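Structure file final_24.cif (mmCIF, C-alpha atoms) follows.
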data_final
loop_
_atom_site.label_atom_id
_atom_site.label_comp_id
_atom_site.auth_asym_id
_atom_site.auth_seq_id
_atom_site.Cartn_x
_atom_site.Cartn_y
_atom_site.Cartn_z
CA MET A 4 0.00 0.00 0.00
CA SER A 5 1.41 3.34 -1.02
CA GLU A 6 2.16 6.22 1.30
CA ILE A 7 0.32 9.45 0.49
CA ILE A 8 2.54 12.50 0.90
CA ILE A 9 0.97 15.95 1.03
CA ASN A 10 3.12 18.95 0.17
CA THR A 11 1.31 21.99 1.54
CA THR A 12 1.99 25.55 0.48
CA ILE A 13 0.24 28.33 2.39
CA GLU A 14 0.25 31.42 0.17
CA ASP A 15 -2.27 33.38 2.21
CA LYS A 16 -1.71 33.55 5.98
CA ARG A 17 -5.43 34.06 6.64
CA TRP A 18 -5.75 30.29 6.28
CA CYS A 19 -3.83 29.78 9.51
CA GLU A 20 -5.89 32.44 11.28
CA LYS A 21 -9.27 30.91 10.38
CA ILE A 22 -8.59 27.17 10.44
CA ALA A 23 -6.59 26.01 13.42
CA ASP A 24 -3.86 23.48 12.60
CA VAL A 25 -4.72 23.65 8.89
CA GLU A 26 -1.98 21.17 7.93
CA GLN A 27 -3.30 18.63 10.44
CA VAL A 28 -6.78 19.09 8.98
CA ILE A 29 -5.40 18.33 5.52
CA GLU A 30 -3.75 15.14 6.85
CA LYS A 31 -6.98 14.07 8.57
CA VAL A 32 -9.04 14.58 5.42
CA LYS A 33 -6.39 12.86 3.28
CA SER A 34 -6.42 9.81 5.56
CA ALA A 35 -10.21 9.62 5.58
CA ALA A 36 -10.48 10.01 1.81
CA PHE A 37 -7.79 7.55 0.83
CA ASP A 38 -8.73 4.96 3.47
CA TYR A 39 -12.31 5.07 2.22
CA LEU A 40 -11.29 4.81 -1.43
CA ARG A 41 -8.98 1.86 -0.78
CA ILE A 42 -11.96 -0.04 0.62
CA HIS A 43 -14.69 1.08 -1.80
CA GLU A 44 -12.96 1.62 -5.14
CA ASN A 45 -10.43 -0.53 -6.97
CA LEU A 46 -7.91 2.06 -8.19
CA ASP A 47 -4.60 0.77 -9.51
CA VAL A 48 -2.84 3.90 -8.36
CA LEU A 49 -3.70 3.14 -4.73
CA GLN A 50 -2.19 -0.35 -5.01
CA GLN A 51 1.30 0.94 -5.81
CA GLU A 52 4.28 0.48 -3.52
CA LYS A 53 5.63 3.87 -4.54
CA PRO A 54 4.79 6.99 -2.53
CA LEU A 55 2.02 9.14 -3.98
CA GLU A 56 2.50 12.91 -3.80
CA ILE A 57 -0.15 15.60 -3.82
CA ASN A 58 0.52 19.33 -3.76
CA VAL A 59 -2.07 21.36 -1.85
CA CYS A 60 -1.86 25.12 -2.19
CA LEU A 61 -3.90 27.33 0.14
CA SER A 62 -4.19 30.48 -1.90
CA ASP A 63 -6.52 33.38 -2.64
CA ASP A 64 -9.07 34.49 -5.20
CA THR A 65 -6.55 36.43 -7.28
CA THR A 66 -4.32 33.42 -7.88
CA VAL A 67 -7.21 31.01 -8.44
CA HIS A 68 -8.87 33.50 -10.80
CA GLN A 69 -5.71 33.64 -12.92
CA LEU A 70 -5.37 29.85 -12.99
CA ASN A 71 -9.06 29.36 -13.74
CA LYS A 72 -8.84 31.81 -16.65
CA GLU A 73 -5.62 30.33 -18.04
CA PHE A 74 -6.46 26.64 -17.75
CA ARG A 75 -10.26 26.50 -17.85
CA GLY A 76 -11.13 29.64 -19.81
CA MET A 77 -13.28 30.95 -16.96
CA ASP A 78 -12.67 34.58 -16.04
CA LYS A 79 -13.53 34.31 -12.35
CA PRO A 80 -12.27 32.69 -9.17
CA THR A 81 -13.64 29.35 -8.05
CA ASN A 82 -13.45 27.55 -4.73
CA VAL A 83 -11.05 24.74 -5.68
CA LEU A 84 -9.02 23.80 -8.73
CA SER A 85 -7.55 20.36 -9.25
CA PHE A 86 -4.92 19.45 -11.79
CA ALA A 87 -4.42 15.71 -12.18
CA ASN A 88 -1.03 14.54 -13.42
CA LEU A 89 -2.02 11.00 -14.35
CA ASP A 90 -3.31 9.37 -17.46
CA PHE A 91 -5.07 6.43 -15.86
CA GLU A 92 -5.27 4.43 -19.10
CA ASN A 93 -1.46 4.32 -19.41
CA PHE A 94 -0.73 4.62 -15.70
CA ALA A 95 1.54 1.59 -15.22
CA ILE A 96 3.69 2.33 -18.27
CA GLU A 97 4.09 6.05 -17.60
CA ASN A 98 5.04 5.72 -13.93
CA GLU A 99 7.33 2.71 -13.97
CA PRO A 100 10.63 4.68 -14.12
CA PHE A 101 9.79 7.01 -11.21
CA ASN A 102 10.44 6.53 -7.49
CA GLU A 103 7.27 8.35 -6.55
CA ILE A 104 4.05 9.21 -8.33
CA GLU A 105 2.87 12.82 -8.41
CA LEU A 106 -0.91 12.67 -8.44
CA GLY A 107 -1.46 16.37 -8.97
CA ASP A 108 -2.19 19.76 -7.51
CA ILE A 109 -5.11 21.15 -5.55
CA ILE A 110 -5.47 24.92 -5.12
CA VAL A 111 -8.12 26.37 -2.79
CA ALA A 112 -9.22 30.02 -2.86
CA TYR A 113 -9.60 31.51 0.59
CA GLU A 114 -12.10 34.29 -0.14
CA THR A 115 -14.41 32.16 -2.28
CA MET A 116 -14.39 29.41 0.33
CA CYS A 117 -15.31 31.94 3.05
CA ARG A 118 -18.12 33.49 0.98
CA GLU A 119 -19.60 30.09 0.20
CA ALA A 120 -19.41 28.89 3.79
CA GLU A 121 -21.17 32.03 4.98
CA ALA A 122 -23.84 31.82 2.27
CA GLU A 123 -24.48 28.13 3.05
CA ASN A 124 -24.34 28.76 6.80
CA ILE A 125 -21.66 26.12 7.40
CA THR A 126 -18.33 26.33 9.18
CA LEU A 127 -15.14 27.11 7.30
CA TYR A 128 -13.75 23.85 8.63
CA ALA A 129 -16.60 21.80 7.14
CA HIS A 130 -16.45 23.58 3.79
CA PHE A 131 -12.66 23.31 3.62
CA CYS A 132 -12.84 19.56 4.31
CA HIS A 133 -15.43 19.18 1.56
CA LEU A 134 -13.30 21.10 -0.94
CA LEU A 135 -10.28 18.92 -0.09
CA VAL A 136 -12.24 15.70 -0.57
CA HIS A 137 -13.58 17.08 -3.85
CA GLY A 138 -10.04 17.92 -4.97
CA PHE A 139 -8.64 14.53 -3.95
CA LEU A 140 -11.34 12.78 -5.95
CA HIS A 141 -10.65 14.91 -9.03
CA ILE A 142 -6.94 14.13 -9.05
CA LEU A 143 -7.81 10.44 -8.86
CA GLY A 144 -9.88 10.71 -12.01
CA PHE A 145 -13.38 11.27 -10.66
CA ASP A 146 -15.50 13.93 -12.33
CA HIS A 147 -19.00 15.38 -12.36
CA ILE A 148 -19.59 16.29 -15.98
CA THR A 149 -22.56 13.96 -16.43
CA GLU A 150 -25.38 13.49 -13.94
CA GLU A 151 -24.29 9.88 -13.36
CA GLU A 152 -20.69 10.94 -12.64
CA ALA A 153 -21.88 13.71 -10.32
CA VAL A 154 -24.05 11.35 -8.26
CA TYR A 155 -21.24 8.80 -8.02
CA MET A 156 -18.68 11.41 -6.93
CA GLU A 157 -21.06 13.13 -4.52
CA ASN A 158 -21.85 9.83 -2.81
CA PHE A 159 -18.15 9.31 -2.13
CA GLU A 160 -17.86 12.88 -0.83
CA LYS A 161 -20.80 12.42 1.53
CA GLU A 162 -19.50 9.12 2.90
CA ILE A 163 -15.94 10.38 3.41
CA LEU A 164 -17.13 13.55 5.12
CA GLN A 165 -19.52 11.59 7.33
CA ASN A 166 -16.55 9.48 8.48
CA ILE A 167 -14.91 12.63 9.87
CA GLY A 168 -18.09 14.00 11.42
CA ILE A 169 -19.16 16.45 8.72
CA ASP A 170 -22.76 16.65 7.55
CA ASN A 171 -23.84 16.05 3.98
CA PRO A 172 -22.79 19.19 2.05
CA TYR A 173 -25.50 18.64 -0.56
CA GLU A 174 -28.48 18.94 1.78
#

Show me the file's structure as structure tokens.
Amino acid sequence: MSEIIINTTIEDKRWCEKIADVEQVIEKVKSAAFDYLRIHENLDVLQQEKPLEINVCLSDDTTVHQLNKEFRGMDKPTNVLSFANLDFENFAIENEPFNEIELGDIIVAYETMCREAEAENITLYAHFCHLLVHGFLHILGFDHITEEEAVYMENFEKEILQNIGIDNPYE
């Protein structure tokens, strides 16, 4: 079973002011998400002996806006962006020569997350955990383009969040 390594970059210090022990929260959510997926989904990438790396960047609306515009063609900030590094169809071939596997990058926008949490009347902690789970699922190849994909992905999100004591974010 592969080790999951999180490389956290905190670009905006407000993260540390609003979410106590933010790096420990990331580790807790990572453990819950990947433990759940190992049990409920047969993903080759999670069966590797090599360490898996994920970069999590706690940023702001300005940075996420720029990335969203450049990579998704959307001229606005969003709550979380995920950039997967893997081609799951050719996974084994592409990653054989490497000592570790870089799964991808997750970037979360502080201001958007705060606005959404306030509008939905939920804690920043709960919303942050949800965005992390959402990001982890995206870099593992899950998506929500079709209704079927969305339901499948949302069910995983709800179950993972429930395992760490967070209510269903879709109610």

Resolved residues for the PyMOL selection byres ((chain A and resi 163) around 12) as a ChimeraX atom specification: /A:31-43,132-137,139-140,156-162,164-172

List as a VMD selection string the protein and nucleic acid residues near segment 107-110 of chain A, meaning an atom at most 7 Å away when all atoms listed in the file are counted, but skip any in the same chain fewer than 5 places from it. chain A and resid 57 to 62 83 to 88 138 142

Counting all atoms listed in the file, find residues at most 6 Å from (-16.7, 30.6, 7.2) (file frame) and give them as a VMD selection string. chain A and resid 117 120 to 121 126 to 127

Would you save the residues from that selection as an mmCIF file, keeping the file's coordinate frame, using C-alpha atoms?
data_model
loop_
_atom_site.group_PDB
_atom_site.id
_atom_site.type_symbol
_atom_site.label_atom_id
_atom_site.label_comp_id
_atom_site.auth_asym_id
_atom_site.auth_seq_id
_atom_site.Cartn_x
_atom_site.Cartn_y
_atom_site.Cartn_z
ATOM 1 C CA CYS A 117 -15.310 31.940 3.050
ATOM 2 C CA ALA A 120 -19.410 28.890 3.790
ATOM 3 C CA GLU A 121 -21.170 32.030 4.980
ATOM 4 C CA THR A 126 -18.330 26.330 9.180
ATOM 5 C CA LEU A 127 -15.140 27.110 7.300
#

Residue among A:Glu56, A:Tyr128, A:Glu151, A:Phe74 lying closest to Val25 of chain A, counting only C-alpha atoms: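 For Val25 of chain A, the nearest of the candidates is A:Tyr128.
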
Spell out the residues picked by the PyMOL selection byres ((chain A and resi 15) around 12) here, as a VMD selection string. chain A and resid 11 to 14 16 to 21 60 to 67 110 to 114

Can you give me, as a PyMOL selection string, the residues this file yields under the PyMOL selection byres ((chain A and resi 5) around 7)? chain A and resi 4+6-7+49-55

Just to confirm, what's the straight-line distance from atom CA of Asp78 of chain A to atom CA of Met116 of chain A in Å (one decimal)?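 So the two atoms, atom CA of Asp78 of chain A and atom CA of Met116 of chain A, lie 17.3 Å apart.
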
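As for atom CA of Phe145 of chain A and atom CA of Ala23 of chain A, they are spaced 29.0 Å apart.
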
Out of A:Met77, A:Lys72, A:Tyr173, A:Val48, which residue has the shortest atom-to-atom distance to Glu103 of chain A when counting all atoms listed in the file?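 Once distances to Glu103 of chain A are computed over all atoms listed in the file, the minimum belongs to A:Val48.
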